[in-house]
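Engineer: Just so it is clear, I am handing over query.txt, which has compact mmCIF, C-alpha atoms.
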```
# COMPACT_ATOMS: atom_id res chain seq x y z
CA MET A 21 -14.64 10.20 10.79
CA LEU A 22 -17.17 12.89 11.50
CA PHE A 23 -15.79 16.38 12.01
CA ARG A 24 -17.99 19.05 13.53
CA ILE A 25 -17.33 22.75 13.78
CA ASP A 26 -19.47 25.09 15.85
CA PRO A 27 -18.54 28.70 15.07
CA ALA A 28 -20.80 29.84 17.92
CA SER A 29 -18.71 27.99 20.52
CA ASP A 30 -16.11 29.76 22.70
CA GLU A 31 -13.56 27.05 21.95
CA PRO A 32 -11.22 27.97 19.05
CA LEU A 33 -12.01 26.08 15.82
CA TYR A 34 -8.63 24.32 15.70
CA ALA A 35 -9.07 23.13 19.29
CA GLN A 36 -12.49 21.70 18.41
CA LEU A 37 -10.86 19.63 15.65
CA VAL A 38 -8.02 18.46 17.92
CA ALA A 39 -10.46 17.36 20.60
CA GLN A 40 -12.54 15.37 18.11
CA VAL A 41 -9.59 13.49 16.62
CA ARG A 42 -8.28 12.77 20.12
CA THR A 43 -11.67 11.39 21.18
CA ALA A 44 -12.05 9.35 18.00
CA ILE A 45 -8.67 7.71 18.54
CA ALA A 46 -9.38 7.06 22.21
CA HIS A 47 -12.72 5.44 21.32
CA GLY A 48 -11.21 3.37 18.54
CA ASP A 49 -13.22 5.10 15.80
CA LEU A 50 -9.90 6.01 14.19
CA ARG A 51 -7.44 3.18 13.98
CA THR A 52 -3.69 3.18 13.46
CA GLY A 53 -2.84 3.65 9.79
CA GLU A 54 -6.12 5.37 8.98
CA ARG A 55 -5.65 8.43 6.81
CA LEU A 56 -7.24 11.71 7.73
CA PRO A 57 -8.42 13.89 4.86
CA SER A 58 -5.79 16.28 3.54
CA ALA A 59 -5.81 19.66 5.30
CA ARG A 60 -6.97 21.31 2.11
CA ASP A 61 -9.90 18.88 1.66
CA LEU A 62 -10.99 19.23 5.27
CA ALA A 63 -10.77 23.02 5.15
CA THR A 64 -12.94 23.07 2.02
CA SER A 65 -15.40 20.57 3.52
CA LEU A 66 -15.90 22.55 6.70
CA GLU A 67 -15.63 25.93 4.96
CA ILE A 68 -12.88 27.09 7.30
CA ASN A 69 -9.39 28.49 6.76
CA LEU A 70 -6.67 26.07 5.65
CA HIS A 71 -4.38 27.37 8.41
CA THR A 72 -6.94 26.43 11.05
CA VAL A 73 -6.78 22.80 9.92
CA LEU A 74 -2.98 22.88 9.61
CA HIS A 75 -2.79 24.29 13.15
CA ALA A 76 -4.95 21.41 14.41
CA TYR A 77 -2.91 18.79 12.53
CA GLN A 78 0.37 20.21 13.88
CA GLU A 79 -1.01 20.11 17.40
CA LEU A 80 -2.02 16.46 16.87
CA ARG A 81 1.39 15.63 15.46
CA ASP A 82 3.14 17.25 18.44
CA GLY A 83 0.92 15.14 20.67
CA GLY A 84 2.16 12.03 18.84
CA LEU A 85 -1.32 11.13 17.56
CA ILE A 86 -0.76 11.55 13.85
CA GLU A 87 2.14 11.63 11.48
CA LEU A 88 2.29 14.27 8.76
CA ARG A 89 3.91 13.13 5.56
CA ARG A 90 4.67 15.37 2.66
CA GLY A 91 2.25 14.60 -0.16
CA ARG A 92 0.59 11.77 1.74
CA GLY A 93 -1.43 13.70 4.24
CA ALA A 94 -2.05 12.83 7.87
CA VAL A 95 -1.87 9.24 9.10
CA VAL A 96 -3.05 8.11 12.51
CA THR A 97 -0.17 6.62 14.51
CA GLY A 98 -2.36 5.69 17.42
CA HIS A 99 0.07 6.57 20.17
CA ALA A 100 -2.32 8.11 22.64
CA ALA A 101 -0.97 11.07 24.57
CA PRO A 102 -1.16 9.47 28.09
CA ASP A 103 1.66 6.99 27.27
CA LEU A 104 4.00 9.82 26.43
CA ASP A 105 2.99 11.75 29.54
CA GLU A 106 4.06 8.82 31.67
CA LEU A 107 7.37 8.71 29.84
CA HIS A 108 7.90 12.44 30.35
CA THR A 109 7.36 11.94 34.09
CA ALA A 110 9.82 9.07 34.19
CA VAL A 111 12.46 11.04 32.28
CA GLY A 112 11.97 13.96 34.65
CA ALA A 113 12.52 11.66 37.63
CA LEU A 114 15.65 10.21 35.99
CA ALA A 115 17.13 13.69 35.44
CA THR A 116 16.47 14.67 39.07
CA THR A 117 18.11 11.51 40.40
CA ALA A 118 21.11 11.92 38.08
CA ARG A 119 21.63 15.51 39.29
CA ARG A 120 21.32 14.49 42.93
CA LEU A 121 23.92 11.73 42.49
CA ARG A 122 26.09 14.09 40.38
CA VAL A 123 26.32 11.61 37.51
CA SER A 124 27.40 13.23 34.21
CA PRO A 125 24.81 13.51 31.37
CA GLU A 126 27.05 11.34 29.16
CA THR A 127 27.04 8.54 31.72
CA VAL A 128 23.25 8.81 32.13
CA THR A 129 22.60 8.61 28.38
CA ALA A 130 25.02 5.68 28.11
CA LEU A 131 23.14 3.88 30.88
CA VAL A 132 19.77 4.64 29.23
CA LYS A 133 21.03 3.36 25.86
CA GLU A 134 22.33 0.21 27.57
CA ALA A 135 18.96 -0.34 29.26
CA LEU A 136 17.01 0.20 25.99
CA ARG A 137 19.11 -2.28 24.06
CA MET B 28 -40.03 1.13 -5.22
CA THR B 29 -43.58 2.43 -4.67
CA THR B 30 -43.43 5.06 -7.41
CA PRO B 31 -42.39 3.98 -10.92
CA ARG B 32 -38.82 4.98 -11.73
CA PRO B 33 -38.54 7.59 -14.47
CA THR B 34 -37.22 6.39 -17.82
CA PRO B 35 -33.53 7.02 -18.61
CA PRO B 36 -32.82 10.31 -20.44
CA HIS B 37 -31.26 10.77 -23.91
CA ARG B 38 -32.65 7.58 -25.41
CA LEU B 39 -32.10 8.80 -28.97
CA ALA B 40 -28.42 9.53 -28.29
CA THR B 41 -28.12 6.13 -26.61
CA THR B 42 -29.60 4.39 -29.64
CA VAL B 43 -27.27 6.22 -32.04
CA THR B 44 -24.03 5.77 -30.08
CA THR B 45 -24.68 2.26 -28.75
CA LEU B 46 -26.58 0.60 -31.59
CA VAL B 47 -26.65 2.54 -34.89
CA VAL B 48 -22.96 3.48 -35.07
CA PRO B 49 -21.65 -0.03 -34.23
CA LEU B 50 -24.06 -1.61 -36.73
CA LEU B 51 -22.96 0.83 -39.45
CA VAL B 52 -19.31 0.07 -38.70
CA ILE B 53 -19.96 -3.68 -38.97
CA ALA B 54 -22.06 -3.24 -42.14
CA ALA B 55 -19.25 -1.21 -43.73
CA ALA B 56 -16.71 -3.87 -42.76
CA VAL B 57 -18.85 -6.62 -44.30
CA ALA B 58 -19.30 -4.56 -47.50
CA VAL B 59 -15.54 -4.00 -47.84
CA ALA B 60 -14.79 -7.69 -47.12
CA VAL B 61 -17.31 -8.84 -49.74
CA GLY B 62 -15.88 -6.31 -52.23
CA TRP B 63 -12.42 -7.82 -51.72
CA ALA B 64 -13.66 -11.39 -52.39
CA PRO B 65 -12.36 -11.63 -56.02
CA ARG B 66 -8.84 -10.62 -54.95
CA LEU B 67 -8.61 -13.06 -52.02
CA PRO B 68 -7.17 -16.61 -52.14
CA ASP B 69 -9.51 -19.53 -51.55
CA PRO B 70 -9.28 -21.00 -48.94
CA LEU B 71 -8.35 -18.04 -46.77
CA ALA B 72 -6.17 -17.95 -43.69
CA VAL B 73 -8.60 -17.50 -40.78
CA HIS B 74 -6.36 -18.25 -37.82
CA TRP B 75 -2.74 -17.54 -36.96
CA SER B 76 -0.50 -19.48 -34.60
CA GLY B 77 1.48 -17.86 -31.81
CA SER B 78 4.63 -17.86 -33.96
CA GLY B 79 2.89 -15.65 -36.57
CA ALA B 80 2.22 -18.16 -39.38
CA PRO B 81 -1.35 -18.95 -40.47
CA ASP B 82 -2.53 -22.32 -39.12
CA GLY B 83 -6.25 -22.31 -39.85
CA PHE B 84 -7.95 -21.98 -43.24
CA GLY B 85 -11.51 -21.51 -44.43
CA SER B 86 -13.91 -19.57 -46.62
CA LEU B 87 -14.64 -15.84 -46.52
CA LYS B 88 -17.75 -16.65 -44.52
CA ASP B 89 -15.65 -18.41 -41.88
CA ALA B 90 -13.31 -15.44 -41.70
CA ILE B 91 -15.96 -12.82 -41.06
CA ALA B 92 -18.95 -14.62 -39.54
CA ILE B 93 -17.94 -15.10 -35.90
CA PRO B 94 -16.31 -11.73 -35.17
CA LEU B 95 -18.83 -9.72 -37.16
CA LEU B 96 -21.82 -11.51 -35.64
CA PHE B 97 -20.53 -11.15 -32.10
CA ALA B 98 -20.26 -7.35 -32.26
CA PRO B 99 -23.92 -6.67 -33.20
CA VAL B 100 -25.19 -9.10 -30.53
CA PHE B 101 -22.98 -7.39 -27.96
CA ALA B 102 -24.16 -3.97 -29.17
CA LEU B 103 -27.77 -5.04 -28.78
CA GLY B 104 -27.12 -6.14 -25.20
CA MET B 105 -25.35 -2.88 -24.34
CA TRP B 106 -28.12 -0.86 -26.00
CA ALA B 107 -30.79 -2.67 -23.98
CA LEU B 108 -28.85 -1.99 -20.76
CA ALA B 109 -28.45 1.73 -21.54
CA PHE B 110 -31.94 2.20 -23.01
CA TRP B 111 -33.79 0.72 -20.01
CA GLY B 112 -31.25 1.05 -17.22
CA GLY B 113 -29.08 4.00 -18.25
CA ARG B 114 -30.28 6.63 -15.78
CA ASP B 115 -26.71 7.35 -14.75
CA THR B 116 -24.43 9.08 -17.27
CA SER B 117 -21.65 6.54 -16.71
CA THR B 118 -23.91 3.59 -17.58
CA ARG B 119 -24.71 5.12 -20.96
CA ARG B 120 -21.05 6.09 -21.49
CA MET B 121 -19.80 2.59 -20.77
CA ALA B 122 -22.45 1.00 -22.99
CA ALA B 123 -21.66 3.31 -25.93
CA GLY B 124 -17.92 2.96 -25.42
CA PHE B 125 -17.80 -0.83 -25.18
CA SER B 126 -20.30 -1.32 -27.99
CA THR B 127 -18.65 1.02 -30.50
CA GLY B 128 -15.16 0.04 -29.36
CA LEU B 129 -15.81 -3.67 -29.87
CA ALA B 130 -17.35 -3.09 -33.32
CA VAL B 131 -14.30 -1.10 -34.45
CA LEU B 132 -11.88 -3.64 -32.91
CA MET B 133 -13.59 -6.58 -34.64
CA SER B 134 -13.78 -4.73 -37.96
CA ILE B 135 -10.08 -3.88 -37.92
CA VAL B 136 -9.15 -7.47 -37.01
CA VAL B 137 -11.24 -8.90 -39.85
CA LEU B 138 -10.30 -6.35 -42.52
CA GLY B 139 -6.66 -6.30 -41.41
CA SER B 140 -6.33 -10.06 -41.60
CA LEU B 141 -7.96 -10.04 -45.04
CA SER B 142 -5.87 -7.14 -46.36
CA VAL B 143 -2.57 -9.00 -45.82
CA GLN B 144 -3.91 -11.77 -48.10
CA LEU B 145 -5.04 -9.56 -50.98
CA ASP B 146 -3.72 -10.83 -54.32
CA LEU B 147 -1.98 -13.82 -52.72
CA ALA B 148 -2.07 -17.08 -54.71
CA ASP B 149 -1.88 -19.25 -51.58
CA ALA B 150 -3.12 -18.20 -48.12
CA ALA B 151 -0.29 -20.18 -46.50
CA GLN B 152 2.06 -17.36 -47.61
CA ALA B 153 0.10 -14.83 -45.54
CA PRO B 154 2.33 -12.80 -43.21
CA GLY B 155 1.71 -12.51 -39.46
CA ILE B 156 -0.99 -10.17 -38.18
CA GLY B 157 0.58 -9.01 -34.92
CA HIS B 158 0.51 -5.40 -36.08
CA VAL B 159 -3.15 -5.75 -37.11
CA VAL B 160 -4.06 -6.83 -33.57
CA GLY B 161 -2.15 -3.84 -32.22
CA TRP B 162 -4.03 -1.45 -34.52
CA ALA B 163 -7.32 -3.13 -33.66
CA PHE B 164 -6.87 -2.59 -29.91
CA GLY B 165 -5.63 0.96 -30.43
CA GLY B 166 -8.49 1.81 -32.81
CA GLY B 167 -11.08 0.07 -30.65
CA ILE B 168 -10.03 1.89 -27.49
CA LEU B 169 -9.91 5.24 -29.29
CA ALA B 170 -13.36 4.72 -30.88
CA GLY B 171 -14.76 3.57 -27.53
CA VAL B 172 -13.44 6.63 -25.70
CA LEU B 173 -14.79 8.95 -28.41
CA ALA B 174 -18.22 7.30 -28.34
CA GLY B 175 -18.26 7.59 -24.54
CA LEU B 176 -17.34 11.27 -24.71
CA VAL B 177 -20.14 12.28 -27.10
CA VAL B 178 -22.79 10.72 -24.83
CA PRO B 179 -24.74 13.59 -23.24
CA ARG B 180 -24.82 13.81 -19.44
CA THR B 181 -27.89 13.19 -17.33
CA PRO B 182 -29.23 16.69 -16.59
CA ALA B 183 -28.97 17.94 -13.00
CA ALA B 184 -32.24 17.18 -11.21
CA PRO B 185 -32.51 19.21 -8.00
CA THR B 186 -35.53 18.53 -5.83
CA GLU B 187 -37.38 20.49 -3.17
CA ALA B 188 -39.15 17.42 -1.79
CA PRO B 189 -38.17 16.50 1.76
CA VAL B 190 -35.69 13.68 2.35
CA ASP B 191 -37.34 10.39 3.36
CA PRO B 192 -38.20 10.93 7.06
CA ALA B 193 -37.49 7.25 7.80
CA ALA B 194 -33.87 7.55 6.62
CA PRO B 195 -31.17 7.94 9.33
CA ARG B 196 -30.17 11.40 10.61
CA THR B 197 -27.40 13.05 12.64
CA THR B 198 -28.27 15.70 15.20
CA LEU B 199 -26.61 19.00 14.39
CA ARG B 200 -27.05 22.34 16.12
CA PRO B 201 -28.37 25.04 13.78
CA ASP B 202 -25.00 26.80 13.34
CA GLU B 203 -22.92 23.66 13.39
CA ARG B 204 -20.99 22.62 10.30
CA ALA B 205 -20.11 18.99 9.81
CA ALA B 206 -18.08 16.91 7.39
CA TRP B 207 -17.42 13.20 7.23
CA SER B 208 -14.43 11.73 5.49
CA ARG B 209 -13.07 8.23 5.16
CA SER B 210 -10.57 6.44 2.97
CA VAL B 211 -11.24 3.02 1.42
CA THR B 212 -8.79 0.62 -0.15
CA SER B 213 -9.36 -2.58 -2.06
CA PRO B 214 -7.35 -5.49 -0.66
CA VAL B 215 -8.43 -7.84 -3.47
CA GLY B 216 -7.64 -5.23 -6.11
CA ALA B 217 -4.23 -4.57 -4.64
CA TRP B 218 -3.25 -8.25 -4.69
CA VAL B 219 -4.77 -9.23 -8.02
CA GLY B 220 -3.91 -6.00 -9.82
CA GLY B 221 -0.46 -5.75 -8.31
CA SER B 222 0.43 -9.30 -9.34
CA ALA B 223 -0.96 -8.74 -12.84
CA VAL B 224 1.27 -5.69 -13.28
CA LEU B 225 4.25 -7.63 -11.93
CA VAL B 226 3.62 -10.61 -14.25
CA ASN B 227 3.35 -8.21 -17.19
CA VAL B 228 6.64 -6.49 -16.37
CA VAL B 229 8.47 -9.81 -15.87
CA LEU B 230 6.97 -11.18 -19.09
CA ALA B 231 7.94 -8.03 -20.97
CA ILE B 232 11.57 -8.50 -19.86
CA VAL B 233 11.70 -12.27 -20.41
CA VAL B 234 10.18 -12.32 -23.91
CA GLN B 235 11.59 -8.87 -24.70
CA ALA B 236 8.26 -7.38 -25.71
CA PRO B 237 8.23 -3.71 -24.77
CA GLY B 238 4.57 -3.55 -25.82
CA LEU B 239 3.70 -5.40 -22.62
CA LEU B 240 5.20 -2.56 -20.60
CA VAL B 241 2.61 -0.24 -22.12
CA LEU B 242 -0.06 -2.70 -21.01
CA ALA B 243 1.48 -2.83 -17.51
CA ALA B 244 1.50 0.98 -17.35
CA GLY B 245 -2.13 1.10 -18.46
CA LEU B 246 -3.07 -1.50 -15.87
CA GLY B 247 -1.18 0.43 -13.21
CA LEU B 248 -3.07 3.58 -14.11
CA LEU B 249 -6.37 1.71 -13.94
CA LEU B 250 -5.42 0.42 -10.48
CA ALA B 251 -4.45 3.91 -9.32
CA SER B 252 -7.89 5.10 -10.39
CA MET B 253 -9.76 2.44 -8.42
CA LEU B 254 -7.67 1.11 -5.55
CA VAL B 255 -7.73 3.96 -3.06
CA LEU B 256 -10.71 6.22 -2.56
CA ARG B 257 -11.50 9.20 -0.43
CA VAL B 258 -15.18 9.30 0.42
CA SER B 259 -16.53 12.51 1.90
CA VAL B 260 -19.87 14.00 2.86
CA ASP B 261 -20.13 17.77 3.26
CA ALA B 262 -21.92 20.78 1.80
CA ARG B 263 -21.00 19.51 -1.68
CA GLY B 264 -22.85 16.27 -1.03
CA LEU B 265 -21.35 12.79 -1.31
CA VAL B 266 -18.08 12.65 -3.21
CA ALA B 267 -16.05 9.47 -3.74
CA ARG B 268 -12.95 9.88 -5.83
CA SER B 269 -9.57 8.34 -6.46
CA PRO B 270 -6.33 10.32 -6.26
CA LEU B 271 -6.57 10.66 -10.06
CA GLY B 272 -10.02 12.24 -9.69
CA TRP B 273 -11.59 9.95 -12.29
CA PRO B 274 -13.85 8.09 -12.24
CA SER B 275 -15.82 9.60 -9.39
CA VAL B 276 -19.21 9.33 -7.71
CA ARG B 277 -20.76 12.71 -6.91
CA VAL B 278 -24.21 13.19 -5.43
CA PRO B 279 -25.08 16.84 -4.79
CA LEU B 280 -27.23 17.48 -1.69
CA ASP B 281 -30.18 18.70 -3.76
CA GLU B 282 -30.39 15.34 -5.58
CA VAL B 283 -30.54 13.17 -2.44
CA VAL B 284 -33.83 11.33 -1.99
CA ALA B 285 -32.53 9.11 0.83
CA ALA B 286 -29.17 7.71 1.92
CA ARG B 287 -28.92 4.38 3.72
CA THR B 288 -26.37 1.79 4.69
CA THR B 289 -26.27 -1.39 2.70
CA ARG B 290 -24.31 -4.65 2.51
CA ILE B 291 -22.58 -5.22 -0.78
CA ASP B 292 -21.35 -8.44 -2.29
CA PRO B 293 -19.05 -7.41 -5.17
CA PHE B 294 -19.43 -10.64 -7.15
CA GLY B 295 -23.08 -11.32 -6.48
CA ASP B 296 -24.37 -7.77 -6.90
CA PHE B 297 -21.87 -6.20 -9.28
CA GLY B 298 -19.98 -9.03 -10.97
CA GLY B 299 -16.62 -7.81 -9.72
CA TRP B 300 -14.64 -5.00 -8.18
CA GLY B 301 -13.99 -1.41 -9.23
CA TYR B 302 -16.21 1.28 -10.69
CA ARG B 303 -19.25 -0.83 -11.48
CA ILE B 304 -22.76 -0.98 -12.82
CA GLY B 305 -24.75 -3.52 -10.84
CA SER B 306 -28.14 -5.12 -10.46
CA GLY B 307 -31.03 -2.64 -10.29
CA GLY B 308 -29.06 -0.01 -12.21
CA ARG B 309 -26.93 0.79 -9.17
CA VAL B 310 -23.70 2.53 -10.11
CA GLY B 311 -20.64 3.22 -8.04
CA PHE B 312 -17.41 2.09 -6.42
CA VAL B 313 -17.34 -1.48 -5.15
CA LEU B 314 -13.93 -2.05 -3.62
CA ARG B 315 -14.64 -4.81 -1.16
CA LYS B 316 -17.34 -6.96 0.40
CA GLY B 317 -19.29 -5.44 3.29
CA GLU B 318 -20.94 -2.23 4.32
CA GLY B 319 -21.43 0.75 2.09
CA ILE B 320 -23.55 3.83 1.50
CA GLU B 321 -26.43 3.57 -0.95
CA VAL B 322 -27.98 6.85 -2.09
CA GLU B 323 -31.34 6.96 -3.79
CA ARG B 324 -31.22 10.04 -6.04
CA THR B 325 -33.62 12.01 -8.15
CA GLY B 326 -34.23 10.66 -11.65
CA GLY B 327 -34.42 7.10 -10.33
CA ARG B 328 -30.65 6.83 -9.99
CA ILE B 329 -28.94 4.86 -7.22
CA SER B 330 -25.30 5.50 -6.31
CA VAL B 331 -23.25 3.19 -4.10
CA VAL B 332 -19.83 3.29 -2.44
CA THR B 333 -18.38 0.59 -0.24
CA VAL B 334 -16.96 2.29 2.85
CA ASP B 335 -16.54 1.65 6.59
CA ASP B 336 -18.69 3.55 9.09
CA ALA B 337 -21.30 3.98 6.35
CA ALA B 338 -24.01 4.69 8.94
CA THR B 339 -22.36 7.96 10.00
CA GLY B 340 -21.85 9.08 6.40
CA ALA B 341 -25.40 8.22 5.31
CA ALA B 342 -26.93 9.95 8.33
CA LEU B 343 -24.91 13.13 7.76
CA LEU B 344 -25.80 13.16 4.05
CA ASN B 345 -29.53 13.03 4.89
CA THR B 346 -29.15 15.73 7.55
CA LEU B 347 -27.21 18.08 5.28
CA ALA B 348 -29.70 17.41 2.47
CA ASP B 349 -32.51 18.42 4.84
CA ARG B 350 -30.89 21.84 5.14
CA THR B 351 -31.09 22.41 1.36
CA ARG B 352 -34.82 21.77 1.30
CA GLY B 353 -35.58 25.15 2.93
CA ALA B 354 -38.80 25.63 4.84
CA ALA B 355 -40.19 22.28 3.76
CA THR B 356 -38.35 20.59 6.61
CA ALA B 357 -38.40 22.03 10.10
CA ARG B 358 -35.05 21.83 11.83
```
Would you write out, as structure tokens, the structure that this file holds?

Structural biologist:
Amino acid sequence: MLFRIDPASDEPLYAQLVAQVRTAIAHGDLRTGERLPSARDLATSLEINLHTVLHAYQELRDGGLIELRRGRGAVVTGHAAPDLDELHTAVGALATTARRLRVSPETVTALVKEALR
Amino acid sequence: MTTPRPTPPHRLATTVTTLVVPLLVIAAAVAVAVGWAPRLPDPLAVHWSGSGAPDGFGSLKDAIAIPLLFAPVFALGMWALAFWGGRDTSTRRMAAGFSTGLAVLMSIVVLGSLSVQLDLADAAQAPGIGHVVGWAFGGGILAGVLAGLVVPRTPAAPTEAPVDPAAPRTTLRPDERAAWSRSVTSPVGAWVGGSAVLVNVVLAIVVQAPGLLVLAAGLGLLLASMLVLRVSVDARGLVARSPLGWPSVRVPLDEVVAARTTRIDPFGDFGGWGYRIGSGGRVGFVLRKGEGIEVERTGGRISVVTVDDAATGAALLNTLADRTRGAATAR
């Protein structure tokens, strides 16, 4: 994919990279299983600090968009962030209901496991 | 194709490494074989069966004619390719390597198979030549690699001329930095190569020939060098390389005349997959059928790489190349 860095922009460099990968995945330009360049390669290519790229990759991993594997670089997992957001909302609602009904956490997890089986 | 392409560089070196050396090797082999004639049985063993015993007999002429005629003809073909089409260093390296390597291989096979028959009364007593074949391949590969290494590189040819205005571009703001990167794999290579390695390993175990494991390892290494590529376009130009780093395609920005997308048919245009020399003197990585980047370079060279989203890569290469041409291009 095409990475662009504008040092003149107000947006931090790592955030520019995160936004581009996010957009590329959303548009289907990056497909599941596609490998991103290693952080070192990308840092050299864009003439920016290695830690800037690592910061961006970690942010993407935390968002569930890529998987970082030791020695194998970054692989697109394709789970777009909105899916997880929905799940977070649902889990939040579950916790609230459980507290209101005074059901123990153990019982709730057992019920969730049962439902996921 | 409006301007005539410049002639390939280092034609003298090409002639020496690709034609003169192989011919001298073959001439020396013929001289030695003829010198041995009085000490050889008549008829000679000229062919060996799989079990190691000789099963074909003939005269000295029969023993040396085919292999020693084939090598010079092959050398002539390789020389013609490198002399007229060898603008890229790797074309001349491959031509010199294959030509010299084959001449040495053939010479060792012929002289080795004759040497085991020296002073024999009857050629039927000749021992097997399995070890000769081993030495021939080892010697041939070594000679080929050495010949390839002494071939001089094509000199760097930076240009100040503007990139073809008709070639695709990307819009970049003046301060903006951009890089494009993509990985390519070869599905055909993975299946064919992977099965070949597997067959070799199984065969090595079944017939208990550890030599085949060496072959499997070599094949595996070859696959590793050509199955997965990382193609990138940035301030260093176009770089396509395997995880091993060799072979690689590198086009510095100051050698770009124009980059375009192209459709590549591995068999039709390049006769196969891998790091290839194809029709029109195009050189590069052909991993699969379909789209790729084709870069017209200074010195009449053309580099190709099969890769997805080639349009983006080609456009960025042209745009970044524009920036190296200073005031000549306004942007």

Engineer: Would you mind reading off the distance between CA of Ala72 (chain B) and CA of Lys88 (chain B), one decimal, in Å?

Structural biologist: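 A separation of 11.7 Å between them.
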
Engineer: Please, which residues of chain B lie no more than 8 Å from chain A when the count uses all atoms listed in the file, and can they be set out as a CSV table (one decimal) with C-alpha atoms, in the frame of the given file?

Structural biologist:
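Okay, this is what ended up in selection_34.csv:
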```csv
chain,number,residue,atom,x,y,z
B,202,ASP,CA,-25.0,26.8,13.3
B,203,GLU,CA,-22.9,23.7,13.4
B,204,ARG,CA,-21.0,22.6,10.3
B,205,ALA,CA,-20.1,19.0,9.8
B,206,ALA,CA,-18.1,16.9,7.4
B,207,TRP,CA,-17.4,13.2,7.2
B,208,SER,CA,-14.4,11.7,5.5
B,209,ARG,CA,-13.1,8.2,5.2
B,210,SER,CA,-10.6,6.4,3.0
B,257,ARG,CA,-11.5,9.2,-0.4
B,260,VAL,CA,-19.9,14.0,2.9
B,261,ASP,CA,-20.1,17.8,3.3
B,262,ALA,CA,-21.9,20.8,1.8
B,263,ARG,CA,-21.0,19.5,-1.7
B,336,ASP,CA,-18.7,3.6,9.1
B,339,THR,CA,-22.4,8.0,10.0
B,340,GLY,CA,-21.8,9.1,6.4
```

Engineer: Using the file's own x, y and z axes, what box holds all listed atoms of region 96-110 of chain B with 4 Å on each side, keeping edges along x, y and z, and what are its centre and edge lengths in Å to one decimal, as AutoDock Vina command-line options?

Structural biologist:
```
--center_x -26.1 --center_y -4.7 --center_z -28.2 --size_x 19.7 --size_y 21.7 --size_z 22.9
```

Engineer: Grab the CA of Thr43 (chain A) to CA of Ala76 (chain A) distance for me, in Å with one decimal place.

Structural biologist: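 Answer for the CA of Thr43 (chain A) to CA of Ala76 (chain A) separation: 13.8 Å.
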
Engineer: CA of Thr129 (chain A) to CA of Arg89 (chain A): how many Å, to one decimal?

Structural biologist: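 Between CA of Thr129 (chain A) and CA of Arg89 (chain A) the gap works out to 29.8 Å.
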
Engineer: Using only C-alpha atoms, which residue out of B:Asp82, B:Leu225, B:Ile53, B:Val284 lies closest to Pro192 (chain B)?

Structural biologist: B:Val284

Engineer: Which neighbours of Gly83 (chain B) fall inside 8 Å, counting only C-alpha atoms, when residues of the same chain fewer than 2 positions from it are skipped, and could you give them as a list in words?

Structural biologist: Ala72, Val73, His74, Trp75, Pro81 and Gly85 of chain B

Engineer: Give me the residues within 10 Å of Pro182 (chain B) as a list in words, counting all atoms listed in the file and dropping any in the same chain fewer than 2 places off.

Structural biologist: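 Listing them by chain and then by number gives Pro36, His37, Asp115, Thr116, Pro179, Arg180, Ala184, Pro185 and Gly326 of chain B.
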
Engineer: Take the residues from that selection and put them in a file with C-alpha atoms, as an mmCIF file, in the frame of the given file.

Structural biologist:
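New file again09.cif:
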```
data_model
loop_
_atom_site.group_PDB
_atom_site.id
_atom_site.type_symbol
_atom_site.label_atom_id
_atom_site.label_comp_id
_atom_site.auth_asym_id
_atom_site.auth_seq_id
_atom_site.Cartn_x
_atom_site.Cartn_y
_atom_site.Cartn_z
ATOM 1 C CA PRO B 36 -32.820 10.310 -20.440
ATOM 2 C CA HIS B 37 -31.260 10.770 -23.910
ATOM 3 C CA ASP B 115 -26.710 7.350 -14.750
ATOM 4 C CA THR B 116 -24.430 9.080 -17.270
ATOM 5 C CA PRO B 179 -24.740 13.590 -23.240
ATOM 6 C CA ARG B 180 -24.820 13.810 -19.440
ATOM 7 C CA ALA B 184 -32.240 17.180 -11.210
ATOM 8 C CA PRO B 185 -32.510 19.210 -8.000
ATOM 9 C CA GLY B 326 -34.230 10.660 -11.650
#
```

Engineer: Which of these residues is nearest to Asp335 (chain B), using only C-alpha atoms: A:Arg51, A:His108, A:Gly83, A:Pro32?

Structural biologist: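 Closest to Asp335 (chain B) of all the choices is A:Arg51.
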
Engineer: Name the residues within 10 Å of (-10.8, -6.1, -51.5), counting all atoms listed in the file in the file's coordinates, and put them as a list in words.

Structural biologist: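 The requested residues, written out, are Ala58, Val59, Ala60, Val61, Gly62, Trp63, Ala64, Pro65, Arg66, Leu67, Leu138, Leu141, Ser142, Gln144, Leu145 and Asp146 of chain B.
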